[in-house]
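**Q** Here you go, this is entry20.cif (mmCIF, C-alpha atoms and all ligand atoms).
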data_query
#
loop_
_atom_site.label_atom_id
_atom_site.label_comp_id
_atom_site.auth_asym_id
_atom_site.auth_seq_id
_atom_site.Cartn_x
_atom_site.Cartn_y
_atom_site.Cartn_z
CA MET G 30 0.00 0.00 0.00
CA ILE G 31 1.31 3.44 -0.89
CA LEU G 32 0.80 5.93 1.90
CA LEU G 33 0.30 9.62 1.26
CA PRO G 34 2.87 11.77 3.02
CA SER G 35 1.83 13.14 6.37
CA VAL G 36 0.36 16.54 5.68
CA ILE G 37 -1.86 19.19 7.24
CA PHE G 38 -4.79 20.64 5.30
CA ARG G 39 -5.82 24.01 6.66
CA LYS G 40 -7.56 25.57 3.69
CA GLY G 41 -9.82 22.81 2.50
CA LEU G 42 -9.08 20.10 -0.03
CA ASN G 43 -10.07 21.80 -3.29
CA LEU G 44 -13.40 19.99 -3.42
CA LYS G 45 -15.76 22.76 -2.35
CA GLU G 46 -17.83 22.65 -5.55
CA VAL G 47 -17.92 18.86 -5.51
CA VAL G 48 -19.54 18.63 -2.07
CA ALA G 49 -21.77 21.72 -2.38
CA THR G 50 -24.84 19.81 -3.56
CA THR G 51 -24.58 17.18 -0.86
CA LEU G 52 -24.20 19.86 1.79
CA ALA G 53 -27.27 21.68 0.50
CA ASP G 54 -29.26 18.42 0.44
CA ASP G 55 -28.24 17.66 4.01
CA TYR G 56 -28.63 21.06 5.65
CA ALA G 57 -30.47 23.67 3.55
CA SER G 58 -34.13 24.63 4.04
CA ALA G 59 -36.37 26.30 1.50
CA VAL G 60 -38.63 27.56 4.32
CA ILE G 61 -35.75 29.31 6.05
CA ASP G 62 -34.41 30.73 2.78
CA GLU G 63 -37.86 32.13 2.09
CA MET G 64 -38.09 33.70 5.55
CA ALA G 65 -34.61 35.21 5.29
CA SER G 66 -35.46 36.84 1.97
CA GLY G 67 -38.96 37.80 3.03
CA GLY G 68 -38.47 40.03 6.07
CA PHE G 69 -37.56 37.27 8.53
CA ARG G 70 -41.18 36.52 9.32
CA ARG G 71 -43.78 33.99 8.30
CA ALA G 72 -47.48 34.23 9.07
CA LEU G 73 -50.06 31.52 9.06
CA GLY G 74 -53.47 32.16 10.50
CA ARG G 75 -53.16 33.51 14.01
CA LEU G 76 -49.51 32.58 14.33
CA THR G 77 -46.53 34.65 13.19
CA VAL G 78 -42.98 33.41 13.46
CA HIS G 79 -40.30 36.10 13.71
CA LEU G 80 -36.80 34.91 12.94
CA ALA G 81 -33.76 36.74 14.34
CA LYS G 82 -31.75 38.33 11.55
CA GLU G 83 -28.61 36.37 12.43
CA PHE G 84 -29.11 32.74 13.31
CA GLY G 85 -27.79 29.24 12.71
CA PHE G 86 -24.51 28.15 11.16
CA CYS G 87 -21.65 30.62 11.67
CA TYR G 88 -18.71 30.96 9.30
CA GLY G 89 -16.53 28.69 11.44
CA VAL G 90 -19.08 25.89 11.57
CA ASP G 91 -19.90 26.24 7.89
CA ARG G 92 -16.24 25.83 7.06
CA ALA G 93 -15.65 22.90 9.45
CA VAL G 94 -18.60 20.91 8.09
CA ASP G 95 -17.60 21.71 4.52
CA TYR G 96 -14.05 20.47 5.15
CA ALA G 97 -15.35 17.27 6.75
CA TYR G 98 -17.39 16.50 3.63
CA GLN G 99 -14.42 17.33 1.43
CA THR G 100 -12.25 15.00 3.51
CA ARG G 101 -14.65 12.09 3.06
CA THR G 102 -14.69 12.70 -0.68
CA ARG G 103 -10.92 13.09 -0.95
CA PHE G 104 -10.08 9.94 1.05
CA PRO G 105 -12.82 7.41 0.28
CA ASP G 106 -10.70 4.42 1.32
CA ARG G 107 -8.91 5.71 4.38
CA ALA G 108 -9.97 5.64 8.02
CA ILE G 109 -11.18 9.14 8.89
CA TYR G 110 -11.57 10.23 12.50
CA LEU G 111 -12.95 13.30 14.17
CA THR G 112 -11.30 14.06 17.50
CA GLY G 113 -14.75 14.68 18.97
CA GLU G 114 -18.00 16.30 17.92
CA ILE G 115 -17.26 18.54 14.94
CA ILE G 116 -19.78 21.00 16.33
CA HIS G 117 -22.34 20.66 19.09
CA ASN G 118 -25.25 19.54 17.00
CA PRO G 119 -26.38 15.90 17.05
CA HIS G 120 -27.85 15.98 13.53
CA VAL G 121 -24.60 17.08 11.93
CA ASN G 122 -22.54 14.60 13.95
CA ASP G 123 -24.91 11.76 13.06
CA LYS G 124 -24.64 12.61 9.36
CA LEU G 125 -20.87 12.38 9.59
CA ARG G 126 -21.07 9.07 11.45
CA ALA G 127 -23.39 7.79 8.72
CA ALA G 128 -20.78 8.83 6.14
CA GLY G 129 -18.30 6.53 7.87
CA ILE G 130 -16.36 9.15 9.81
CA ARG G 131 -15.47 7.77 13.23
CA PHE G 132 -15.25 9.74 16.46
CA LEU G 133 -12.22 9.27 18.69
CA SER G 134 -14.39 10.51 21.55
CA ASP G 135 -16.89 7.66 21.18
CA PRO G 136 -15.84 5.35 24.03
CA HIS G 137 -16.90 2.14 22.32
CA GLU G 138 -15.67 3.01 18.85
CA PRO G 139 -13.33 0.23 17.75
CA ARG G 140 -10.39 1.72 15.92
CA ASP G 141 -7.07 0.77 14.47
CA PRO G 142 -4.00 2.35 16.03
CA LEU G 143 -3.56 5.83 14.64
CA GLY G 144 -0.78 6.08 12.10
CA PRO G 145 0.25 7.49 8.74
CA ASP G 146 -2.83 6.09 7.04
CA SER G 147 -5.25 7.75 9.47
CA VAL G 148 -6.91 11.01 8.59
CA ILE G 149 -7.81 13.17 11.59
CA ILE G 150 -10.27 16.05 11.36
CA ILE G 151 -9.73 18.70 14.01
CA PRO G 152 -13.00 20.46 14.83
CA ALA G 153 -13.71 24.18 14.81
CA PHE G 154 -12.97 24.43 18.57
CA GLY G 155 -9.40 23.17 18.02
CA VAL G 156 -7.58 20.59 20.16
CA THR G 157 -5.08 20.83 22.98
CA VAL G 158 -1.38 21.27 22.24
CA SER G 159 -0.55 17.76 23.47
CA GLU G 160 -3.32 16.14 21.43
CA LEU G 161 -2.09 17.83 18.26
CA ALA G 162 1.49 16.80 19.00
CA ASN G 163 0.33 13.19 19.41
CA TYR G 164 -1.33 13.11 15.97
CA LYS G 165 1.70 14.72 14.36
CA GLN G 166 4.07 12.29 16.02
CA ARG G 167 2.01 9.42 14.59
CA GLU G 168 2.29 11.06 11.18
CA CYS G 169 -1.46 11.19 10.71
CA THR G 170 -2.87 13.29 7.90
CA LEU G 171 -4.56 16.28 9.54
CA VAL G 172 -7.49 18.34 8.33
CA ASP G 173 -7.44 21.31 10.66
CA THR G 174 -10.74 23.21 10.78
CA THR G 175 -9.87 25.25 13.88
CA CYS G 176 -11.80 28.50 13.49
CA GLY G 177 -9.82 31.69 12.86
CA SER G 178 -11.62 33.36 15.77
CA VAL G 179 -10.35 30.63 18.10
CA LEU G 180 -6.83 31.01 16.72
CA ASN G 181 -7.08 34.70 17.48
CA VAL G 182 -7.78 33.93 21.15
CA TRP G 183 -4.82 31.56 21.24
CA LYS G 184 -2.50 34.26 19.93
CA ASN G 185 -3.46 36.54 22.79
CA VAL G 186 -3.14 33.79 25.39
CA GLU G 187 0.34 33.05 24.06
CA ARG G 188 1.24 36.70 24.41
CA TYR G 189 0.02 36.70 28.00
CA ALA G 190 2.15 33.65 28.74
CA THR G 191 5.31 35.09 27.20
CA ASP G 192 4.79 38.37 29.07
CA GLY G 193 4.26 36.65 32.43
CA PHE G 194 0.48 37.14 32.67
CA THR G 195 -1.92 34.41 33.82
CA ALA G 196 -4.64 33.79 31.25
CA LEU G 197 -7.96 34.25 33.05
CA ILE G 198 -10.41 32.47 30.76
CA HIS G 199 -14.14 33.08 30.99
CA GLY G 200 -15.46 29.74 29.82
CA LYS G 201 -16.66 26.27 30.66
CA VAL G 202 -13.71 24.29 31.84
CA HIS G 203 -14.71 21.02 30.17
CA HIS G 204 -15.59 22.59 26.84
CA GLU G 205 -13.19 21.49 24.08
CA GLU G 206 -12.41 25.05 23.08
CA THR G 207 -11.58 26.18 26.61
CA GLN G 208 -9.35 23.16 27.14
CA ALA G 209 -7.54 23.91 23.89
CA THR G 210 -7.18 27.60 24.74
CA ALA G 211 -5.90 26.87 28.24
CA SER G 212 -3.30 24.48 26.84
CA GLN G 213 -1.82 27.31 24.75
CA ALA G 214 -0.74 29.06 27.95
CA LEU G 215 1.35 26.04 28.92
CA ARG G 216 3.50 26.12 25.80
CA TYR G 217 5.74 28.67 27.50
CA PRO G 218 7.78 28.33 30.68
CA GLY G 219 5.81 29.81 33.55
CA GLY G 220 2.60 29.97 31.49
CA ARG G 221 -0.54 29.69 33.65
CA PHE G 222 -4.30 29.77 33.35
CA LEU G 223 -7.40 29.98 35.49
CA VAL G 224 -10.92 29.34 34.14
CA VAL G 225 -13.93 31.14 35.63
CA LEU G 226 -17.42 30.02 34.74
CA ASP G 227 -19.55 32.93 35.90
CA LEU G 228 -19.78 36.15 37.86
CA ASP G 229 -19.86 34.36 41.22
CA GLN G 230 -16.53 32.70 40.56
CA THR G 231 -15.14 35.94 39.18
CA GLN G 232 -16.16 37.67 42.39
CA ARG G 233 -14.14 35.18 44.42
CA VAL G 234 -11.12 35.76 42.19
CA CYS G 235 -11.55 39.52 42.60
CA ASP G 236 -11.86 39.20 46.38
CA TYR G 237 -8.59 37.29 46.40
CA ILE G 238 -6.91 39.89 44.19
CA ARG G 239 -8.03 42.67 46.54
CA SER G 240 -7.21 41.15 49.88
CA GLY G 241 -5.97 37.58 49.59
CA GLY G 242 -7.85 34.97 51.57
CA ASP G 243 -8.03 31.27 52.22
CA ARG G 244 -5.51 29.89 49.74
CA ARG G 245 -6.52 26.28 50.35
CA ALA G 246 -10.23 26.99 49.78
CA PHE G 247 -9.40 28.89 46.61
CA LEU G 248 -7.33 26.02 45.25
CA ASP G 249 -10.04 23.52 46.14
CA GLU G 250 -12.67 25.51 44.25
CA PHE G 251 -10.50 25.85 41.15
CA ALA G 252 -8.80 22.46 41.40
CA HIS G 253 -9.94 21.43 37.91
CA ALA G 254 -9.89 24.90 36.44
CA ALA G 255 -6.31 26.04 37.02
CA SER G 256 -2.91 25.12 35.63
CA GLU G 257 -0.82 22.70 37.65
CA GLY G 258 0.98 24.33 40.55
CA PHE G 259 -1.27 27.39 40.43
CA ASP G 260 -0.63 29.70 43.35
CA PRO G 261 -3.17 32.49 43.76
CA ASN G 262 -0.72 34.55 45.81
CA ARG G 263 1.68 34.63 42.87
CA ASP G 264 -0.48 33.95 39.81
CA LEU G 265 -3.18 36.56 40.37
CA GLU G 266 -0.68 39.42 40.38
CA ARG G 267 -0.91 39.80 36.61
CA ILE G 268 -3.86 38.55 34.64
CA GLY G 269 -4.90 38.76 31.01
CA LEU G 270 -8.52 38.15 30.13
CA ALA G 271 -9.65 35.74 27.43
CA ASN G 272 -12.97 34.08 26.64
CA GLN G 273 -14.39 30.96 25.23
CA THR G 274 -15.69 32.54 22.04
CA THR G 275 -19.30 31.49 22.60
CA MET G 276 -19.93 32.96 26.04
CA LEU G 277 -22.59 35.55 26.74
CA MET G 278 -21.02 38.80 25.59
CA SER G 279 -22.59 40.93 28.35
CA GLU G 280 -21.31 38.53 31.01
CA SER G 281 -17.79 38.44 29.57
CA LEU G 282 -17.70 42.22 29.63
CA LYS G 283 -18.73 42.16 33.30
CA VAL G 284 -16.02 39.60 34.10
CA GLY G 285 -13.48 41.94 32.51
CA GLU G 286 -14.77 45.01 34.29
CA MET G 287 -14.80 43.24 37.68
CA CYS G 288 -11.20 42.08 37.27
CA ARG G 289 -10.05 45.48 36.04
CA GLN G 290 -11.62 47.19 39.04
CA ALA G 291 -10.12 44.65 41.44
CA MET G 292 -6.66 45.36 40.02
CA ILE G 293 -7.19 49.13 40.35
CA ASP G 294 -8.31 48.67 43.96
CA ARG G 295 -5.26 46.56 44.73
CA TYR G 296 -2.50 48.33 42.80
CA GLY G 297 -3.90 51.72 41.79
CA GLU G 298 -4.93 53.05 38.38
CA ALA G 299 -1.38 54.08 37.43
CA GLU G 300 -0.20 50.47 37.74
CA LEU G 301 -3.14 48.91 35.90
CA ASN G 302 -1.24 48.09 32.73
CA VAL G 303 1.33 46.16 34.70
CA HIS G 304 -1.33 43.93 36.24
CA TYR G 305 -4.24 43.64 33.82
CA ARG G 306 -4.76 43.12 30.11
CA ALA G 307 -7.86 42.41 28.09
CA PHE G 308 -9.04 42.09 24.54
CA ASP G 309 -12.34 41.20 23.01
CA THR G 310 -12.46 37.49 22.24
CA ILE G 311 -16.16 36.88 21.79
CA CYS G 312 -16.26 36.00 18.10
CA SER G 313 -18.24 38.27 15.81
CA ALA G 314 -20.63 35.47 14.83
CA THR G 315 -21.57 34.82 18.47
CA GLN G 316 -21.96 38.52 19.09
CA ASP G 317 -24.06 39.02 15.95
CA ARG G 318 -26.46 36.25 17.00
CA GLN G 319 -26.79 37.65 20.52
CA ASP G 320 -27.31 41.19 19.20
CA ALA G 321 -29.85 39.99 16.62
CA VAL G 322 -32.01 38.16 19.12
CA GLN G 323 -31.90 41.11 21.52
CA SER G 324 -32.96 43.38 18.69
CA LEU G 325 -35.84 41.01 17.85
CA LEU G 326 -36.97 41.06 21.49
CA ASP G 327 -36.80 44.86 21.54
CA ARG G 328 -38.61 45.28 18.22
CA GLU G 329 -41.50 42.83 18.34
CA GLN G 330 -44.25 42.11 20.83
CA LEU G 331 -43.59 38.41 21.26
CA ASN G 332 -45.54 35.88 23.29
CA LEU G 333 -42.74 33.35 23.55
CA ALA G 334 -39.37 32.40 22.12
CA ILE G 335 -38.02 29.16 20.73
CA VAL G 336 -34.28 28.63 20.54
CA VAL G 337 -33.15 25.67 18.46
CA GLY G 338 -29.86 23.91 19.00
CA GLY G 339 -27.90 21.11 20.63
CA TYR G 340 -28.27 20.94 24.39
CA ASN G 341 -24.47 20.97 24.78
CA SER G 342 -24.11 24.01 22.52
CA SER G 343 -22.80 26.85 24.63
CA ASN G 344 -23.81 29.64 22.26
CA THR G 345 -27.33 28.20 21.88
CA ARG G 346 -27.78 28.12 25.63
CA ASN G 347 -26.67 31.73 25.84
CA LEU G 348 -29.23 32.78 23.22
CA ALA G 349 -31.86 31.07 25.36
CA ARG G 350 -30.65 32.96 28.43
CA ILE G 351 -31.07 36.28 26.62
CA CYS G 352 -34.63 35.41 25.60
CA SER G 353 -35.64 33.97 28.97
CA ALA G 354 -34.76 37.24 30.68
CA GLN G 355 -37.75 38.77 28.86
CA LEU G 356 -40.31 36.11 28.01
CA PRO G 357 -41.19 32.39 28.21
CA THR G 358 -38.42 30.58 26.33
CA TYR G 359 -38.07 27.01 25.12
CA HIS G 360 -34.66 25.64 24.16
CA VAL G 361 -35.44 22.68 21.90
CA ALA G 362 -33.01 20.32 20.22
CA ASP G 363 -35.17 19.85 17.13
CA VAL G 364 -38.71 19.39 15.87
CA LYS G 365 -39.24 16.24 17.97
CA SER G 366 -39.42 18.41 21.07
CA LEU G 367 -42.57 20.14 19.80
CA ARG G 368 -45.02 17.41 20.66
CA SER G 369 -48.35 19.19 20.25
CA PRO G 370 -49.91 22.64 20.64
CA THR G 371 -50.27 21.82 24.33
CA GLU G 372 -47.00 19.99 25.03
CA ILE G 373 -43.37 20.91 24.39
CA HIS G 374 -40.21 19.21 25.67
CA HIS G 375 -37.30 21.52 26.29
CA ARG G 376 -34.08 21.97 28.21
CA PRO G 377 -34.49 24.44 31.09
CA VAL G 378 -32.40 27.49 30.37
CA ASP G 379 -30.49 27.37 33.66
CA ALA G 380 -30.13 23.60 33.96
CA PRO G 381 -26.75 22.68 35.45
CA LEU G 382 -24.01 21.74 32.99
CA SER G 383 -23.63 18.40 34.79
CA ASN G 384 -26.97 17.35 33.26
CA LEU G 385 -25.38 17.31 29.83
CA ALA G 386 -24.02 13.82 30.43
CA LYS G 387 -27.58 12.49 30.69
CA PRO G 388 -29.61 11.19 27.75
CA ARG G 389 -31.72 13.78 25.98
CA SER G 390 -34.97 12.59 27.56
CA GLN G 391 -33.54 13.20 31.04
CA GLN G 392 -32.30 16.67 30.16
CA GLU G 393 -35.70 17.79 28.97
CA ILE G 394 -38.70 18.85 30.97
CA THR G 395 -42.25 19.08 29.67
CA ALA G 396 -44.23 22.29 29.49
CA THR G 397 -47.94 22.19 28.84
CA ASP G 398 -50.18 24.88 27.41
CA TRP G 399 -47.10 26.61 26.10
CA LEU G 400 -48.84 27.97 22.98
CA PRO G 401 -51.67 30.38 23.79
CA ALA G 402 -54.87 28.58 22.76
CA THR G 403 -56.62 31.56 21.20
CA GLY G 404 -55.82 34.89 19.64
CA ALA G 405 -52.83 36.06 17.67
CA VAL G 406 -49.52 34.53 18.74
CA ALA G 407 -46.08 35.96 17.93
CA VAL G 408 -43.22 33.50 18.28
CA GLY G 409 -39.60 34.63 18.33
CA LEU G 410 -37.21 32.14 16.79
CA THR G 411 -33.46 31.80 16.70
CA ALA G 412 -30.85 29.07 16.58
CA GLY G 413 -27.30 28.53 17.75
CA ALA G 414 -24.25 28.72 15.52
CA SER G 415 -24.17 24.94 15.17
CA THR G 416 -27.79 24.45 14.10
CA PRO G 417 -28.38 23.69 10.42
CA ASN G 418 -31.17 25.44 8.55
CA ASN G 419 -33.12 22.27 7.85
CA VAL G 420 -33.50 21.62 11.59
CA ILE G 421 -34.79 25.20 12.08
CA GLY G 422 -37.07 24.88 9.06
CA GLN G 423 -38.70 21.74 10.44
CA VAL G 424 -39.53 23.66 13.63
CA VAL G 425 -41.20 26.42 11.60
CA GLN G 426 -43.25 23.86 9.68
CA ARG G 427 -44.36 22.18 12.89
CA LEU G 428 -45.44 25.54 14.32
CA GLU G 429 -47.46 26.20 11.23
CA GLN G 430 -49.05 22.81 11.55
CA PHE G 431 -50.00 23.63 15.17
CA ALA G 432 -51.46 26.97 14.10
CA GLY G 433 -53.48 25.18 11.44
CA GLU G 434 -54.69 22.59 13.93
CA SER G 435 -56.02 25.25 16.23
CA LEU G 436 -57.67 27.32 13.52
CA PRO G 437 -61.39 26.92 12.98
CA LYS G 438 -62.04 24.84 9.87
S1 LIG P 1 -18.89 30.33 17.11
FE1 LIG P 1 -17.31 31.79 16.45
S2 LIG P 1 -15.37 30.86 17.10
FE2 LIG P 1 -16.91 29.24 17.13
S3 LIG P 1 -16.77 28.31 15.13
FE3 LIG P 1 -18.35 29.88 14.98
S4 LIG P 1 -17.28 31.71 14.20
FE4 LIG P 1 -15.73 30.28 14.98
#
The structure in this file should be written as structure tokens.
**A**
Amino acid sequence: MILLPSVIFRKGLNLKEVVATTLADDYASAVIDEMASGGFRRALGRLTVHLAKEFGFCYGVDRAVDYAYQTRTRFPDRAIYLTGEIIHNPHVNDKLRAAGIRFLSDPHEPRDPLGPDSVIIIPAFGVTVSELANYKQRECTLVDTTCGSVLNVWKNVERYATDGFTALIHGKVHHEETQATASQALRYPGGRFLVVLDLDQTQRVCDYIRSGGDRRAFLDEFAHAASEGFDPNRDLERIGLANQTTMLMSESLKVGEMCRQAMIDRYGEAELNVHYRAFDTICSATQDRQDAVQSLLDREQLNLAIVVGGYNSSNTRNLARICSAQLPTYHVADVKSLRSPTEIHHRPVDAPLSNLAKPRSQQEITATDWLPATGAVAVGLTAGASTPNNVIGQVVQRLEQFAGESLPK
């Protein structure tokens, strides 16, 4: 057997046109195309669906899925592996499994030892430094779909590490992207990181910056969220802020402001640059989707909102949080969650992240009488950056069906 030389593809595999039709067949939706070109609304009887002006697949996801299809076409006879979910949407991952792409993260996936004949697709979130080194050492062929916006975060984290700043990452510690970003800090001697999930954790970091505290308790709380050997007395003296790109923008800004103020309180405004750095690492696609749904909420008188996307999709959950601050909101994985005009299954917006390990049925709760039974109903609709249009389109069609069912004949 003649093996291809070990190589890294970072700009696709020159098969974009070849896979375009298959991609459209798998993920496009005529209903959604119509809505997008027709004012982002669709009316049927008493029900009107208002779609946010930015929704669904972002540029990074679009590219990653495209490259995965190109990879399958380019290497029809070779074992192709994804390091994990290509994006956090079960429909897309299942399509890739059906195309014969295997997932290294699937615990029961039988696989040959990785070697020069293996093709590894790196997802849009990227992988850790050590994982990448392992694939290179085995001379695997790599198709790297790491999103440019993620690479941008890494560059800044690297700069923090070389300048002696701890990377303070606002993110979910077990999320692939956050793990990959944190690992960038460790490429340099003395590089360190600390991951904070929310404002409560940030507050505890800020308290420690201002006046120290119980070192042991601090280390216990951040045991799985800090670099090895982390010492808050030393490693909180200089921090540089970074984000998982899909966090809630408003919350990331607050994290930054809290840390900045804590540093001013501790060292004085004149010394701020010596102790604190920040840059905006929420990607523009995430921000656009959050801004668009907020604008929809501000513009229209809505009765309820539906947010479509994988339950482990961070950016989808954040869209649901924005909506739920203003009106009844249902985060649904797909059309199957919309059982009837009186019953919907959905993931509670503030469900703990630990629930994500459970099967879908155990993550969902049931709401009844969720669709007002009479009168005009305005539904706000959006979808996370990993949700394909056909999944959103099916939800719209089901809503129309419900509206039809409840209309007088
Ligand atoms: S959400 Fe942003 S960072 Fe993530 S893949 Fe999409 S564009 Fe890239």
**Q** Taking into account only C-alpha atoms and all ligand atoms, which residue in the set G:Asn302, G:Ser324, G:Asn163, G:Gln316 is nearest to ligand LIG 1 (chain P)?
**A** G:Gln316
**Q** Work out how far atom CA of G:Val284 is from atom CA of G:Leu228, in Å to one decimal.
**A** 6.3 Å
**Q** Give me, please, the distance in Å between atom CA of G:Ser147 and atom CA of G:Arg103, quoted to one decimal.
**A**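 Atom-to-atom, atom CA of G:Ser147 and atom CA of G:Arg103 are spaced 13.0 Å apart.
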**Q** For ligand LIG 1 (chain P), collect every residue having any atom at a distance of at most 7 Å from a ligand atom (counting all atoms listed in the file); output as number ranges by chain.
**A** G: 87-90, 153-154, 176-179, 274-275, 312-315, 414
**Q** Using all atoms listed in the file, can you tell me which of G:Cys235, G:Leu326, G:Leu180, G:Val148 comes closest to G:Ile293?
**A**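 Counting all atoms listed in the file, the residue closest to G:Ile293 is G:Cys235.
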**Q** Could you state the separation of atom CA of G:Val60 and atom CA of G:Ile421 in Å, given to one decimal place?
**A**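 The value is 9.0 Å.
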**Q** Can you list, as a list in words, every protein, DNA or RNA residue that comes within 12 Å of G:Asp320 when you count only C-alpha atoms, leaving out same-chain residues fewer than 3 positions away?
**A**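 Counting only the stated atoms, we get Ala81, Lys82, Glu83, Phe84, Leu277, Met278, Ser279, Ser313, Ala314, Thr315, Gln316, Asp317, Gln323, Ser324, Leu325, Leu326, Asp327, Asn347, Leu348, Ile351, Cys352 and Thr411 of chain G.
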**Q** Around the point (-12.4, 8.9, 1.2) in the file's coordinates, collect all residues with an atom within 12 Å, using all atoms listed in the file, and return them as an NGL selection string.
**A** :G and (42 or 97-110 or 128-130 or 146-148)
**Q** Using only C-alpha atoms, please write the residues we just selected to a file, as a PDB file, keeping the file's coordinate frame.
**A**
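selection.pdb, written as the output of this step:
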ATOM      1  CA  LEU G  42      -9.080  20.100  -0.030  1.00  0.00           C
ATOM      2  CA  ALA G  97     -15.350  17.270   6.750  1.00  0.00           C
ATOM      3  CA  TYR G  98     -17.390  16.500   3.630  1.00  0.00           C
ATOM      4  CA  GLN G  99     -14.420  17.330   1.430  1.00  0.00           C
ATOM      5  CA  THR G 100     -12.250  15.000   3.510  1.00  0.00           C
ATOM      6  CA  ARG G 101     -14.650  12.090   3.060  1.00  0.00           C
ATOM      7  CA  THR G 102     -14.690  12.700  -0.680  1.00  0.00           C
ATOM      8  CA  ARG G 103     -10.920  13.090  -0.950  1.00  0.00           C
ATOM      9  CA  PHE G 104     -10.080   9.940   1.050  1.00  0.00           C
ATOM     10  CA  PRO G 105     -12.820   7.410   0.280  1.00  0.00           C
ATOM     11  CA  ASP G 106     -10.700   4.420   1.320  1.00  0.00           C
ATOM     12  CA  ARG G 107      -8.910   5.710   4.380  1.00  0.00           C
ATOM     13  CA  ALA G 108      -9.970   5.640   8.020  1.00  0.00           C
ATOM     14  CA  ILE G 109     -11.180   9.140   8.890  1.00  0.00           C
ATOM     15  CA  TYR G 110     -11.570  10.230  12.500  1.00  0.00           C
ATOM     16  CA  ALA G 128     -20.780   8.830   6.140  1.00  0.00           C
ATOM     17  CA  GLY G 129     -18.300   6.530   7.870  1.00  0.00           C
ATOM     18  CA  ILE G 130     -16.360   9.150   9.810  1.00  0.00           C
ATOM     19  CA  ASP G 146      -2.830   6.090   7.040  1.00  0.00           C
ATOM     20  CA  SER G 147      -5.250   7.750   9.470  1.00  0.00           C
ATOM     21  CA  VAL G 148      -6.910  11.010   8.590  1.00  0.00           C
TER      22      VAL G 148
END
**Q** Residues within 8 Å of stretch 385-401 of chain G, please, as an MDAnalysis selection string. Count all atoms listed in the file; anything in the same chain fewer than 5 positions from it doesn't count.
**A** chainID G and resid 340:341 370:377 406
**Q** Mind dumping the selected residues with C-alpha atoms as a tab-separated table (two decimals), keeping the file's coordinate frame?
**A**
chain	number	residue	atom	x	y	z
G	340	TYR	CA	-28.27	20.94	24.39
G	341	ASN	CA	-24.47	20.97	24.78
G	370	PRO	CA	-49.91	22.64	20.64
G	371	THR	CA	-50.27	21.82	24.33
G	372	GLU	CA	-47.00	19.99	25.03
G	373	ILE	CA	-43.37	20.91	24.39
G	374	HIS	CA	-40.21	19.21	25.67
G	375	HIS	CA	-37.30	21.52	26.29
G	376	ARG	CA	-34.08	21.97	28.21
G	377	PRO	CA	-34.49	24.44	31.09
G	406	VAL	CA	-49.52	34.53	18.74
**Q** Would you output stretch 76-87 of chain G from that structure, restricted to N, CA and C atoms, as a CSV table (one decimal), in the first residue's frame?
**A**
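Listing of result-v6.csv after writing:
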chain,number,residue,atom,x,y,z
G,76,LEU,N,-50.9,32.7,13.8
G,76,LEU,CA,-49.5,32.6,14.3
G,76,LEU,C,-48.5,33.3,13.4
G,77,THR,N,-47.6,34.1,14.0
G,77,THR,CA,-46.5,34.6,13.2
G,77,THR,C,-45.2,34.3,13.8
G,78,VAL,N,-44.3,33.8,13.0
G,78,VAL,CA,-43.0,33.4,13.5
G,78,VAL,C,-42.0,34.5,13.0
G,79,HIS,N,-41.3,35.1,14.0
G,79,HIS,CA,-40.3,36.1,13.7
G,79,HIS,C,-38.9,35.5,13.9
G,80,LEU,N,-38.1,35.5,12.9
G,80,LEU,CA,-36.8,34.9,12.9
G,80,LEU,C,-35.8,36.0,13.2
G,81,ALA,N,-34.8,35.8,14.1
G,81,ALA,CA,-33.8,36.7,14.3
G,81,ALA,C,-33.0,36.9,13.0
G,82,LYS,N,-32.4,38.1,12.8
G,82,LYS,CA,-31.7,38.3,11.5
G,82,LYS,C,-30.4,37.7,11.4
G,83,GLU,N,-29.8,37.2,12.5
G,83,GLU,CA,-28.6,36.4,12.4
G,83,GLU,C,-28.9,35.1,13.2
G,84,PHE,N,-28.7,34.0,12.6
G,84,PHE,CA,-29.1,32.7,13.3
G,84,PHE,C,-28.3,31.6,12.6
G,85,GLY,N,-28.3,30.5,13.3
G,85,GLY,CA,-27.8,29.2,12.7
G,85,GLY,C,-26.3,29.3,12.4
G,86,PHE,N,-25.9,28.4,11.5
G,86,PHE,CA,-24.5,28.1,11.2
G,86,PHE,C,-23.7,29.5,11.1
G,87,CYS,N,-22.6,29.5,11.8
G,87,CYS,CA,-21.6,30.6,11.7
G,87,CYS,C,-20.6,30.3,10.6
